[in-house]
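**Q** So here's target.csv, just CSV, C-alpha atoms and all ligand atoms:
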chain,number,residue,atom,x,y,z
T,26,MET,CA,94.0,104.4,141.8
T,27,SER,CA,92.8,105.9,138.6
T,28,GLU,CA,90.0,104.1,136.9
T,29,GLU,CA,90.9,102.8,133.4
T,30,LYS,CA,89.2,104.9,130.8
T,31,LYS,CA,86.7,103.1,128.6
T,32,LEU,CA,87.5,103.5,124.9
T,33,PHE,CA,85.0,103.4,122.1
T,34,LYS,CA,85.5,101.1,119.2
T,35,VAL,CA,84.7,102.7,115.8
T,36,THR,CA,85.1,101.1,112.4
T,37,ILE,CA,85.9,103.4,109.5
T,38,ASP,CA,86.1,101.9,106.0
T,39,ASN,CA,86.5,98.4,107.6
T,40,ILE,CA,89.4,99.5,109.8
T,41,THR,CA,88.7,99.5,113.5
T,42,VAL,CA,90.3,101.9,115.9
T,43,GLU,CA,89.8,102.6,119.7
T,44,VAL,CA,89.3,106.2,120.6
T,45,GLU,CA,88.4,108.2,123.7
T,46,PRO,CA,84.7,109.1,124.1
T,47,GLY,CA,84.1,112.6,122.7
T,48,THR,CA,86.4,112.1,119.8
T,49,THR,CA,84.9,113.2,116.5
T,50,ILE,CA,84.7,110.8,113.5
T,51,LEU,CA,87.2,112.9,111.7
T,52,ASN,CA,89.8,112.7,114.5
T,53,ALA,CA,89.2,109.0,114.8
T,54,ALA,CA,89.9,108.7,111.1
T,55,ARG,CA,93.0,110.8,111.5
T,56,GLN,CA,94.3,108.3,114.0
T,57,ILE,CA,94.0,105.6,111.2
T,58,GLY,CA,95.4,108.1,108.6
T,59,GLY,CA,95.8,107.8,104.9
T,60,GLU,CA,92.8,107.8,102.5
T,61,VAL,CA,90.4,106.8,105.2
T,62,THR,CA,90.6,110.3,106.6
T,63,PRO,CA,88.0,112.7,105.1
T,64,PRO,CA,89.2,116.0,103.7
T,65,ALA,CA,88.6,119.0,105.9
T,66,MET,CA,88.5,122.6,104.4
T,67,CYS,CA,87.1,124.4,107.5
T,68,TYR,CA,87.9,122.3,110.5
T,69,TYR,CA,91.3,123.1,112.1
T,70,SER,CA,91.9,121.0,115.2
T,71,LYS,CA,94.1,123.8,116.8
T,72,LEU,CA,91.2,126.4,116.5
T,73,LYS,CA,88.3,126.2,118.9
T,74,ASN,CA,84.8,126.1,117.3
T,75,SER,CA,86.2,125.5,113.8
T,76,GLY,CA,84.4,123.1,111.5
T,77,GLY,CA,80.8,122.6,110.3
T,78,LYS,CA,81.0,125.1,107.5
T,79,CYS,CA,82.2,123.5,104.3
T,80,ARG,CA,80.7,119.9,104.3
T,81,THR,CA,83.8,118.4,102.6
T,82,CYS,CA,84.1,116.0,105.5
T,83,LEU,CA,80.7,114.3,105.1
T,84,VAL,CA,80.7,110.6,105.8
T,85,GLU,CA,78.0,107.9,106.0
T,86,VAL,CA,77.2,106.3,109.4
T,87,ALA,CA,76.2,102.8,108.5
T,88,ALA,CA,75.6,101.8,112.2
T,89,GLY,CA,75.1,104.4,115.0
T,90,SER,CA,76.4,102.2,117.8
T,91,THR,CA,76.4,98.7,119.3
T,92,ALA,CA,73.4,99.7,121.4
T,93,ASP,CA,71.5,101.2,118.5
T,94,PRO,CA,72.9,99.9,115.2
T,95,ARG,CA,70.5,101.8,113.0
T,96,PRO,CA,72.2,103.8,110.2
T,97,MET,CA,72.0,107.6,110.2
T,98,PRO,CA,69.6,108.6,107.5
T,99,LYS,CA,71.7,111.5,106.2
T,100,LEU,CA,75.4,111.9,105.6
T,101,VAL,CA,77.0,113.7,108.6
T,102,ALA,CA,79.8,116.2,109.0
T,103,SER,CA,82.6,114.1,110.5
T,104,CYS,CA,84.3,117.1,112.1
T,105,ARG,CA,81.3,117.8,114.2
T,106,THR,CA,79.9,114.3,114.9
T,107,THR,CA,81.3,112.3,117.8
T,108,VAL,CA,81.8,108.6,117.8
T,109,MET,CA,79.7,106.1,119.7
T,110,ASP,CA,80.9,102.7,120.8
T,111,GLY,CA,80.5,100.2,117.9
T,112,MET,CA,79.8,102.9,115.3
T,113,ILE,CA,80.5,101.9,111.7
T,114,VAL,CA,81.4,104.7,109.3
T,115,LYS,CA,81.9,104.6,105.6
T,116,ASN,CA,84.1,107.2,103.8
T,117,ILE,CA,85.8,106.2,100.6
T,118,THR,CA,83.9,102.9,100.6
T,119,SER,CA,80.6,104.8,100.2
T,120,GLU,CA,79.3,105.8,96.8
T,121,ARG,CA,76.9,108.3,98.5
T,122,VAL,CA,79.8,110.0,100.2
T,123,LEU,CA,81.9,110.2,97.0
T,124,ASP,CA,79.0,111.6,95.1
T,125,ALA,CA,78.2,114.1,97.8
T,126,ARG,CA,81.8,115.2,98.0
T,127,ALA,CA,81.9,115.8,94.3
T,128,GLY,CA,78.8,117.9,94.7
T,129,VAL,CA,80.4,119.9,97.5
T,130,VAL,CA,83.5,120.5,95.4
T,131,GLU,CA,81.2,121.7,92.6
T,132,PHE,CA,79.6,124.2,95.0
T,133,LEU,CA,82.9,125.4,96.3
T,134,LEU,CA,84.0,126.1,92.8
T,135,LEU,CA,80.8,127.9,91.8
T,136,ASN,CA,82.5,131.2,92.5
T,137,HIS,CA,86.1,130.2,93.1
T,138,PRO,CA,88.2,131.3,90.1
T,139,LEU,CA,90.4,128.6,88.7
T,140,ASP,CA,93.4,130.9,88.7
T,141,CYS,CA,95.9,128.3,90.1
T,142,PRO,CA,98.5,129.2,87.4
T,143,ILE,CA,98.9,132.7,89.0
T,144,CYS,CA,97.8,131.9,92.6
T,145,ASP,CA,100.6,131.8,95.2
T,146,GLN,CA,98.7,129.0,97.0
T,147,ALA,CA,99.0,126.7,94.1
T,148,GLY,CA,100.8,123.5,95.1
T,149,GLU,CA,99.6,123.7,98.7
T,150,CYS,CA,96.0,124.5,98.2
T,151,HIS,CA,93.5,122.1,99.7
T,152,LEU,CA,90.8,123.1,97.3
T,153,GLN,CA,93.2,122.4,94.4
T,154,ASP,CA,93.8,118.9,95.7
T,155,LEU,CA,90.1,118.4,96.2
T,156,SER,CA,89.3,119.6,92.7
T,157,TYR,CA,91.8,117.1,91.2
T,158,GLU,CA,90.3,114.3,93.2
T,159,HIS,CA,86.6,115.0,92.9
T,160,GLY,CA,86.1,118.0,90.6
T,161,LYS,CA,84.1,117.8,87.4
T,162,GLU,CA,85.5,118.7,84.0
T,163,GLY,CA,83.0,121.4,83.2
T,164,THR,CA,80.7,123.8,85.0
T,165,ARG,CA,77.0,123.9,85.1
T,166,TYR,CA,77.0,127.4,86.4
T,167,GLU,CA,75.6,130.0,84.1
T,168,PHE,CA,75.7,133.2,86.1
T,169,LYS,CA,78.3,135.8,86.5
T,170,ARG,CA,80.8,135.0,89.2
T,171,ARG,CA,80.8,137.2,92.4
T,172,THR,CA,83.1,140.2,92.4
T,173,PHE,CA,84.0,142.3,95.4
T,174,LYS,CA,85.2,145.7,96.3
T,175,LYS,CA,89.0,145.5,97.0
T,176,HIS,CA,90.0,145.7,100.6
T,177,ASP,CA,93.5,146.6,101.6
T,178,LEU,CA,94.6,144.6,104.6
T,179,GLY,CA,97.9,146.4,105.0
T,180,GLU,CA,101.5,145.9,104.0
T,181,TYR,CA,101.8,142.2,104.7
T,182,ILE,CA,98.6,140.4,103.9
T,183,GLN,CA,96.9,140.2,100.5
T,184,LEU,CA,93.2,139.4,100.3
T,185,HIS,CA,91.7,137.9,97.2
T,186,MET,CA,88.0,137.7,98.2
T,187,THR,CA,86.9,135.8,95.1
T,188,ARG,CA,89.0,132.8,96.2
T,189,CYS,CA,87.6,132.8,99.8
T,190,ILE,CA,85.4,129.8,100.7
T,191,LEU,CA,84.2,131.4,104.0
T,192,CYS,CA,85.6,128.7,106.2
T,193,TYR,CA,86.0,131.2,109.1
T,194,ARG,CA,89.5,129.8,110.0
T,195,CYS,CA,91.1,133.3,109.7
T,196,VAL,CA,88.4,134.8,111.9
T,197,PHE,CA,88.9,132.2,114.6
T,198,THR,CA,92.7,132.7,114.3
T,199,ALA,CA,92.4,136.5,114.8
T,200,ASP,CA,89.9,135.9,117.7
T,201,GLN,CA,92.1,133.3,119.5
T,202,LEU,CA,95.6,134.6,118.8
T,203,THR,CA,95.5,138.3,118.7
T,204,ASN,CA,94.4,141.0,121.2
T,205,LYS,CA,91.9,142.6,118.9
T,206,ARG,CA,90.2,141.1,115.9
T,207,VAL,CA,89.6,143.8,113.2
T,208,HIS,CA,88.2,141.6,110.4
T,209,GLY,CA,85.4,139.1,110.1
T,210,VAL,CA,82.7,137.8,107.7
T,211,LEU,CA,80.5,140.7,106.8
T,212,ASP,CA,77.0,140.3,105.2
T,213,ARG,CA,75.3,137.0,104.5
T,214,GLY,CA,74.5,134.7,101.7
T,215,ASP,CA,75.9,135.5,98.3
T,216,HIS,CA,77.2,138.8,99.7
T,217,ALA,CA,79.2,137.4,102.6
T,218,GLU,CA,82.8,138.5,102.5
T,219,ILE,CA,85.9,138.7,104.6
T,220,ALA,CA,86.5,142.4,105.3
T,221,THR,CA,87.4,144.9,107.9
T,222,TYR,CA,84.3,147.1,107.5
T,223,ILE,CA,86.0,150.4,108.1
T,224,GLU,CA,89.3,150.2,106.1
T,225,LYS,CA,91.8,148.9,108.5
T,226,SER,CA,95.1,147.0,108.2
T,227,LEU,CA,95.6,143.6,109.9
T,228,ASP,CA,98.8,144.3,111.8
T,229,ASN,CA,98.6,142.6,115.1
T,230,ASP,CA,101.8,140.7,116.1
T,231,PHE,CA,100.4,137.2,115.3
T,232,ILE,CA,98.0,138.1,112.5
T,233,GLY,CA,100.3,136.6,109.8
T,234,ASN,CA,99.0,133.2,110.9
T,235,VAL,CA,95.8,133.8,109.0
T,236,ILE,CA,97.9,133.1,105.9
T,237,ASP,CA,98.9,129.7,107.1
T,238,VAL,CA,95.4,128.6,108.1
T,239,CYS,CA,93.7,129.8,104.9
T,240,PRO,CA,93.0,126.6,103.0
T,241,VAL,CA,92.9,128.4,99.7
T,242,GLY,CA,94.7,131.4,98.2
T,243,ALA,CA,92.4,134.1,99.7
T,244,LEU,CA,95.0,135.3,102.2
T,245,THR,CA,98.5,135.3,100.9
T,246,ASP,CA,101.9,136.8,102.0
T,247,LYS,CA,102.6,140.1,100.2
T,248,THR,CA,106.4,139.6,100.8
T,249,PHE,CA,106.2,136.3,98.8
T,250,ARG,CA,103.6,137.4,96.2
T,251,PHE,CA,104.5,136.3,92.7
T,252,LYS,CA,108.1,135.7,93.7
T,253,ASN,CA,108.3,131.9,93.1
T,254,ARG,CA,106.3,128.8,92.6
T,255,VAL,CA,106.2,126.9,95.9
T,256,TRP,CA,107.4,123.6,94.4
T,257,PHE,CA,110.6,125.2,93.1
T,258,THR,CA,111.5,126.2,96.7
T,259,LYS,CA,113.0,123.9,99.3
T,260,PRO,CA,111.5,123.9,102.7
T,261,VAL,CA,113.9,123.6,105.6
T,262,ASP,CA,113.3,123.7,109.4
T,263,ALA,CA,115.0,126.6,111.1
T,264,HIS,CA,114.8,128.5,114.3
T,265,ARG,CA,116.0,131.8,116.0
T,266,ASP,CA,115.7,133.3,119.4
T,267,CYS,CA,112.5,135.3,119.3
T,268,SER,CA,111.1,137.2,122.3
T,269,LYS,CA,107.6,137.1,120.9
T,270,CYS,CA,107.1,133.5,119.6
T,271,CYS,CA,108.7,130.1,119.6
T,272,GLY,CA,110.9,131.2,116.7
T,273,GLU,CA,110.5,127.7,115.1
T,274,VAL,CA,109.7,128.0,111.4
T,275,GLN,CA,110.0,126.6,108.0
T,276,LEU,CA,112.1,128.6,105.5
T,277,TRP,CA,111.2,128.2,101.9
T,278,MET,CA,114.5,128.7,100.1
T,279,ARG,CA,116.0,128.7,96.7
T,280,GLY,CA,119.7,128.4,96.9
T,281,ASP,CA,120.7,130.7,99.8
T,282,GLU,CA,117.8,133.0,99.4
T,283,VAL,CA,114.9,132.9,101.8
T,284,PHE,CA,111.7,133.5,99.8
T,285,ARG,CA,109.1,132.8,102.5
T,286,VAL,CA,108.8,132.0,106.2
T,287,THR,CA,105.9,130.0,107.5
T,288,ALA,CA,104.9,128.1,110.7
T,289,ARG,CA,105.7,124.4,110.6
T,290,LYS,CA,102.8,122.2,109.5
T,291,ASP,CA,101.8,118.7,110.3
T,292,GLU,CA,100.5,116.1,107.8
T,293,TRP,CA,97.0,117.6,108.0
T,294,GLY,CA,98.4,121.1,107.0
T,295,GLU,CA,97.9,122.4,110.5
T,296,VAL,CA,100.4,124.2,112.7
T,297,LYS,CA,102.7,121.8,114.6
T,298,ASP,CA,103.3,121.9,118.4
T,299,SER,CA,106.4,123.8,119.3
T,300,THR,CA,109.3,121.9,120.9
T,301,LYS,CA,109.1,124.6,123.6
T,302,GLY,CA,105.5,123.6,124.5
T,303,GLY,CA,102.3,125.1,123.1
T,304,LEU,CA,101.5,125.5,119.5
T,305,GLY,CA,104.0,126.7,117.0
T,306,TRP,CA,102.2,129.9,115.8
T,307,ILE,CA,104.8,132.5,114.7
T,308,CYS,CA,105.0,136.2,115.0
T,309,ASN,CA,105.0,138.8,112.2
T,310,GLU,CA,108.6,139.7,112.8
T,311,CYS,CA,109.8,136.1,112.1
T,312,ARG,CA,107.4,135.7,109.2
T,313,PHE,CA,107.8,138.9,107.3
T,314,GLU,CA,111.0,140.6,108.5
T,315,LYS,CA,113.6,137.9,108.8
T,316,LYS,CA,114.3,137.0,105.2
T,317,ASP,CA,118.1,136.6,105.4
T,318,ALA,CA,119.4,133.0,105.9
T,319,LYS,CA,121.9,134.5,108.4
T,320,ASP,CA,118.9,135.4,110.7
T,321,TRP,CA,118.3,131.7,111.2
T,322,THR,CA,119.9,128.5,112.5
T,323,ILE,CA,119.0,125.9,109.8
T,324,GLU,CA,118.2,122.5,111.2
T,325,GLY,CA,117.7,120.5,108.0
T,326,PRO,CA,115.2,119.7,105.2
T,327,THR,CA,111.5,119.6,106.2
T,328,GLN,CA,109.8,116.2,105.8
T,329,VAL,CA,107.0,116.9,103.4
T,330,ASN,CA,104.2,114.4,104.0
T,331,ARG,CA,101.3,115.9,102.2
T,332,HIS,CA,100.7,114.4,98.7
T,333,SER,CA,101.4,117.8,97.1
T,334,VAL,CA,103.7,118.8,94.3
T,335,ILE,CA,106.1,120.1,96.9
T,336,SER,CA,107.0,116.5,97.7
T,337,GLN,CA,107.8,116.0,94.1
T,338,GLY,CA,111.0,118.0,94.6
T,339,HIS,CA,111.6,115.9,97.7
T,340,TYR,CA,115.3,115.7,98.4
T,341,VAL,CA,115.6,113.9,101.8
T,342,ASN,CA,117.5,110.6,101.8
T,343,VAL,CA,118.1,110.9,98.0
T,344,VAL,CA,120.5,108.2,96.9
T,345,LYS,CA,122.8,109.8,94.2
T,346,PRO,CA,123.8,107.4,91.4
T,347,LYS,CA,127.4,106.4,91.5
T,348,GLU,CA,129.7,108.7,89.5
T,349,THR,CA,131.4,106.4,87.0
T,350,LEU,CA,133.5,108.9,85.1
T,351,PRO,CA,136.3,109.3,87.7
T,352,ASP,CA,136.7,105.5,87.6
T,353,VAL,CA,137.3,105.4,83.9
T,354,MET,CA,139.1,108.7,83.6
T,355,GLY,CA,141.9,108.1,86.1
T,356,GLY,CA,140.2,109.8,89.0
T,357,ARG,CA,139.2,113.0,87.1
T,358,GLY,CA,135.6,114.1,87.6
T,359,PRO,CA,133.4,115.4,84.8
T,360,LYS,CA,134.3,119.0,85.5
T,361,LEU,CA,138.0,118.3,85.0
T,362,LEU,CA,137.6,116.4,81.7
T,363,MET,CA,138.8,119.4,79.8
T,364,ASN,CA,141.8,119.8,82.1
T,365,ILE,CA,144.6,118.3,80.1
T,366,HIS,CA,147.4,119.8,82.2
T,367,ASN,CA,148.8,116.5,83.4
T,368,VAL,CA,148.3,114.6,80.2
T,369,SER,CA,149.2,117.2,77.6
T,370,GLU,CA,152.0,116.8,75.1
T,371,VAL,CA,153.1,120.4,75.7
T,372,ASN,CA,152.6,121.2,79.5
T,373,ARG,CA,155.1,120.5,82.2
T,374,PRO,CA,152.8,119.0,84.9
T,375,GLU,CA,155.0,120.4,87.7
T,376,ILE,CA,154.4,124.0,86.4
T,377,GLU,CA,151.0,125.5,87.2
T,378,LEU,CA,150.6,128.0,84.4
T,379,SER,CA,148.1,130.1,86.2
T,380,LYS,CA,150.5,130.7,89.0
T,381,ILE,CA,153.7,131.7,87.3
T,382,GLN,CA,154.8,135.4,87.5
T,383,GLY,CA,154.5,137.2,84.2
T,384,PRO,CA,153.8,135.8,80.8
T,385,ALA,CA,154.4,132.1,80.1
T,386,HIS,CA,157.6,131.4,78.3
T,387,SER,CA,158.9,128.5,76.2
T,388,ASP,CA,160.8,127.1,79.2
T,389,ASP,CA,157.5,126.6,80.9
T,390,PHE,CA,156.5,124.1,78.2
T,391,LYS,CA,157.9,120.9,77.1
T,392,ASN,CA,159.9,121.1,73.9
T,393,SER,CA,161.0,118.5,71.4
T,394,LEU,CA,164.5,118.4,73.0
T,395,ASP,CA,163.1,117.4,76.4
T,396,ASN,CA,164.4,113.9,76.4
T,397,GLY,CA,162.4,113.2,73.3
T,398,LYS,CA,159.1,113.6,75.2
V,401,LIG,S1,90.0,134.2,103.8
V,401,LIG,FE1,90.7,132.1,103.8
V,401,LIG,S2,90.7,131.5,106.0
V,401,LIG,FE2,89.5,133.3,105.8
V,401,LIG,S3,87.4,132.6,105.6
V,401,LIG,FE3,88.2,132.9,103.5
V,401,LIG,S4,89.0,130.9,102.9
V,401,LIG,FE4,88.7,130.9,105.1
V,402,LIG,S1,85.7,120.2,107.7
V,402,LIG,FE1,83.8,119.4,108.4
V,402,LIG,S2,82.4,120.8,107.6
V,402,LIG,FE2,84.2,121.6,107.0
Would you write out, as structure tokens, the structure that this file holds?
**A**
Amino acid sequence: MSEEKKLFKVTIDNITVEVEPGTTILNAARQIGGEVTPPAMCYYSKLKNSGGKCRTCLVEVAAGSTADPRPMPKLVASCRTTVMDGMIVKNITSERVLDARAGVVEFLLLNHPLDCPICDQAGECHLQDLSYEHGKEGTRYEFKRRTFKKHDLGEYIQLHMTRCILCYRCVFTADQLTNKRVHGVLDRGDHAEIATYIEKSLDNDFIGNVIDVCPVGALTDKTFRFKNRVWFTKPVDAHRDCSKCCGEVQLWMRGDEVFRVTARKDEWGEVKDSTKGGLGWICNECRFEKKDAKDWTIEGPTQVNRHSVISQGHYVNVVKPKETLPDVMGGRGPKLLMNIHNVSEVNRPEIELSKIQGPAHSDDFKNSLDNGK
């Protein structure tokens, strides 16, 4: 008989949840969901060793545990701190946390350009969301922003190093998903940058996933670059038979045109599990080379949960207002209002003028002798 596992009780912003020992505060908060969940710019639950780099997930531990209820003196990174039984955590209920988070956002924006109007990540950028929520109006930074030598990462992936926040997610992705990582963080401190050292293109089969994990617009899809604003496109779930990956994707469409293909994401912006088992990472062929709607079986509109502008164009379960014109116009819809064929003084309703052979002739119209009509 298996022994019943003891769960730890943790209270976050006055909401108590029971979680397994070893769960981090961030993941416990994710089980509650909503605003109680701290933002995470570098932690990515599907990538081993991620987290601990950006400090956006800082929280206050008001009581360490039932056994030792002393508060922790400093704010802690919730993605790296595991819960204890009876722990009390404050996130949005703590002034200290909100103040620190505003400071972290200010630091992240020290060098990050505010080029959202031309950035392909706009509308789905976690830093953009964070800046709206915690950012300051002005900057106190007086120095020249960092600039970098341009690195060409190949035909599919565009690197904008000035936008990078050095979260390491793309490095872990390349390490854990591809056979051979050829890029990484070079140099340290102010000079640290994502690069390939000796000019190399990122072309491993699964390397396109670095675009999906990048929380900002530092790594973007060259096949989608400057083509459309993401909130004008409609995401739909689609799949195809693929020998390399699960083939389950999200198509970003406008009309019948496929503008972009990405992996499916969950409410935290992380890749979803595939219905075939394992994680839904997708291969380069599905992402970059299948841009025809005919390549895919479309399942239906994607549920967009994140509070981003993409959900502004949400079109699932839309209730259309009742069309009243046909009721008052004898069944004719708005497009047919100018069609006076049946009600005209001169037409014969039984004759479809567009279908008669040759030019119309006086017999095809009513005349004054037609029974006085
Ligand atoms: S390029 Fe993007 S994913 Fe890679 S370290 Fe920079 S911000 Fe993170
Ligand atoms: S998400 Fe926790 S430090 Fe970045």
**Q** Could you pull the residues within 10 Å of Ser156 of chain T, counting only C-alpha atoms, minus those fewer than 6 positions along the same chain, as a short mmCIF file (atom, residue, chain, number, x, y, z; two decimals) with C-alpha atoms, in the frame of the given file?
**A**
data_model
loop_
_atom_site.label_atom_id
_atom_site.label_comp_id
_atom_site.auth_asym_id
_atom_site.auth_seq_id
_atom_site.Cartn_x
_atom_site.Cartn_y
_atom_site.Cartn_z
CA ALA T 127 81.90 115.80 94.30
CA VAL T 130 83.50 120.50 95.40
CA GLU T 131 81.20 121.70 92.60
CA LEU T 133 82.90 125.40 96.30
CA LEU T 134 84.00 126.10 92.80
CA LEU T 139 90.40 128.60 88.70
CA CYS T 150 96.00 124.50 98.20
CA GLU T 162 85.50 118.70 84.00
#
**Q** Write out as a ChimeraX atom specification the residues lying within 8 Å of segment 61-66 of chain T, counting only C-alpha atoms and excluding same-chain residues fewer than 4 positions away.
**A** /T:37-38,51,54-55,57,79,81-84,103-104,116-117,151-152,155,192,240
**Q** Between segment 122-201 of chain T and segment 69-72 of chain T, at 9 Å or less, what are the per-residue closest atom pairs and their distances in Å? Count all atoms listed in the file, order by chain and rising residue number, and return it as a Markdown table.
**A**
| residue | atom | partner | partner_atom | distance |
| --- | --- | --- | --- | --- |
| T:Arg194 | CA | T:Tyr69 | CA | 7.2 |
| T:Phe197 | CA | T:Leu72 | CA | 6.5 |
| T:Thr198 | CA | T:Leu72 | CA | 6.8 |
| T:Gln201 | CA | T:Leu72 | CA | 7.6 |
**Q** Which residues come within 8 Å of Ile323 of chain T, counting all atoms listed in the file, excluding same-chain residues fewer than 5 positions away, as a VMD selection string?
**A** chain T and resid 261 to 264
**Q** Could you name the residues that touch segment 294-309 of chain T at 9 Å or less, counting only C-alpha atoms, but leaving out those on the same chain fewer than 5 positions away, as a PDB file with C-alpha atoms, keeping the file's coordinate frame?
**A**
ATOM      1  CA  TYR T  69      91.300 123.100 112.100  1.00  0.00           C
ATOM      2  CA  SER T  70      91.900 121.000 115.200  1.00  0.00           C
ATOM      3  CA  LYS T  71      94.100 123.800 116.800  1.00  0.00           C
ATOM      4  CA  GLU T 149      99.600 123.700  98.700  1.00  0.00           C
ATOM      5  CA  HIS T 151      93.500 122.100  99.700  1.00  0.00           C
ATOM      6  CA  TYR T 181     101.800 142.200 104.700  1.00  0.00           C
ATOM      7  CA  LEU T 202      95.600 134.600 118.800  1.00  0.00           C
ATOM      8  CA  ASP T 228      98.800 144.300 111.800  1.00  0.00           C
ATOM      9  CA  ASN T 229      98.600 142.600 115.100  1.00  0.00           C
ATOM     10  CA  ASP T 230     101.800 140.700 116.100  1.00  0.00           C
ATOM     11  CA  PHE T 231     100.400 137.200 115.300  1.00  0.00           C
ATOM     12  CA  ILE T 232      98.000 138.100 112.500  1.00  0.00           C
ATOM     13  CA  GLY T 233     100.300 136.600 109.800  1.00  0.00           C
ATOM     14  CA  ASN T 234      99.000 133.200 110.900  1.00  0.00           C
ATOM     15  CA  ASP T 237      98.900 129.700 107.100  1.00  0.00           C
ATOM     16  CA  VAL T 238      95.400 128.600 108.100  1.00  0.00           C
ATOM     17  CA  PRO T 240      93.000 126.600 103.000  1.00  0.00           C
ATOM     18  CA  CYS T 267     112.500 135.300 119.300  1.00  0.00           C
ATOM     19  CA  LYS T 269     107.600 137.100 120.900  1.00  0.00           C
ATOM     20  CA  CYS T 270     107.100 133.500 119.600  1.00  0.00           C
ATOM     21  CA  CYS T 271     108.700 130.100 119.600  1.00  0.00           C
ATOM     22  CA  GLY T 272     110.900 131.200 116.700  1.00  0.00           C
ATOM     23  CA  GLU T 273     110.500 127.700 115.100  1.00  0.00           C
ATOM     24  CA  VAL T 274     109.700 128.000 111.400  1.00  0.00           C
ATOM     25  CA  THR T 287     105.900 130.000 107.500  1.00  0.00           C
ATOM     26  CA  ALA T 288     104.900 128.100 110.700  1.00  0.00           C
ATOM     27  CA  ARG T 289     105.700 124.400 110.600  1.00  0.00           C
ATOM     28  CA  GLU T 314     111.000 140.600 108.500  1.00  0.00           C
ATOM     29  CA  ARG T 331     101.300 115.900 102.200  1.00  0.00           C
TER      30      ARG T 331
END
**Q** In terms of the shortest atom-to-atom distance over only C-alpha atoms and all ligand atoms, which of T:Lys161, T:Arg121, T:His208, T:Arg312 is closest to ligand LIG 401 (chain V)?
**A**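 Among the listed residues, the smallest separation from ligand LIG 401 (chain V) belongs to T:His208.
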**Q** Name each residue within 8 Å of ligand LIG 401 (chain V), counting all atoms listed in the file, as a list in words.
**A** Cys67, Leu184, His185, Met186, Arg188, Cys189, Ile190, Leu191, Cys192, Tyr193, Arg194, Cys195, Val196, Val210, Glu218, Ile219, Val235, Ile236, Val238, Cys239, Pro240, Val241, Gly242, Ala243 and Leu244 of chain T
**Q** Using only C-alpha atoms and all ligand atoms, pick whichever of T:Arg206, T:His176, T:Lys225, T:Arg105 has the shortest atom-to-atom distance to ligand LIG 402 (chain V).
**A**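 Using only C-alpha atoms and all ligand atoms, ligand LIG 402 (chain V) sits closest to T:Arg105.
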**Q** Can you work out which one of T:Lys316, T:His386, T:Lys78, T:Lys34 has the shortest atom-to-atom distance to ligand LIG 402 (chain V), counting all atoms listed in the file?
**A** T:Lys78
**Q** What is the distance between atom CA of Gln153 of chain T and atom FE2 of ligand LIG 402 (chain V), in Å to one decimal?
**A** 15.5 Å
**Q** With all atoms listed in the file as the basis for distance, which of T:Arg170, T:Leu32, T:Trp293, T:Ala88 is at the shortest distance from ligand LIG 402 (chain V)?
**A**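 Selected residue with least distance to ligand LIG 402 (chain V): T:Trp293.
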**Q** One decimal, in Å: what's the spacing between atom CA of Lys175 of chain T and atom CA of Thr221 of chain T?
**A**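 Interatomic distance, atom CA of Lys175 of chain T to atom CA of Thr221 of chain T: 11.0 Å.
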**Q** Please compute the atom CA of Ala125 of chain T-atom CA of Glu60 of chain T distance, one decimal, in Å.
**A**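 Here the two named atoms are 16.6 Å from each other.
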**Q** Need the shell around Thr106 of chain T: protein/DNA/RNA residues with any atom at most 9 Å away, counting all atoms listed in the file. Skip same-chain ones fewer than 6 positions apart. Format as a PDB file with C-alpha atoms, keeping the file's coordinate frame?
**A**
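selection-v1.pdb, freshly written:
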ATOM      1  CA  THR T  48      86.400 112.100 119.800  1.00  0.00           C
ATOM      2  CA  THR T  49      84.900 113.200 116.500  1.00  0.00           C
ATOM      3  CA  ILE T  50      84.700 110.800 113.500  1.00  0.00           C
ATOM      4  CA  LEU T  51      87.200 112.900 111.700  1.00  0.00           C
TER       5      LEU T  51
END
**Q** Using all atoms listed in the file, which of the listed residues (T:Ala102, T:Val86, T:Leu350, T:Ile381) sits closest to ligand LIG 402 (chain V)?
**A**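 Distance minimum relative to ligand LIG 402 (chain V) lands on T:Ala102.
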**Q** Under the rule that all atoms listed in the file are counted, which of T:Gly89, T:Gly383, T:Pro138, T:Gly128 is the nearest residue to Lys115 of chain T?
**A**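 Residue with the minimum atom-to-atom distance to Lys115 of chain T: T:Gly89.
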**Q** Once you count only C-alpha atoms, which residues end up no further than 8 Å from (76.6, 105.3, 112.5) in the file's frame, shown as a short mmCIF file (atom, residue, chain, number, x, y, z; two decimals) with C-alpha atoms, in the frame of the given file?
**A**
data_model
loop_
_atom_site.label_atom_id
_atom_site.label_comp_id
_atom_site.auth_asym_id
_atom_site.auth_seq_id
_atom_site.Cartn_x
_atom_site.Cartn_y
_atom_site.Cartn_z
CA GLU T 85 78.00 107.90 106.00
CA VAL T 86 77.20 106.30 109.40
CA ALA T 87 76.20 102.80 108.50
CA ALA T 88 75.60 101.80 112.20
CA GLY T 89 75.10 104.40 115.00
CA SER T 90 76.40 102.20 117.80
CA PRO T 94 72.90 99.90 115.20
CA ARG T 95 70.50 101.80 113.00
CA PRO T 96 72.20 103.80 110.20
CA MET T 97 72.00 107.60 110.20
CA MET T 109 79.70 106.10 119.70
CA MET T 112 79.80 102.90 115.30
CA ILE T 113 80.50 101.90 111.70
CA VAL T 114 81.40 104.70 109.30
#
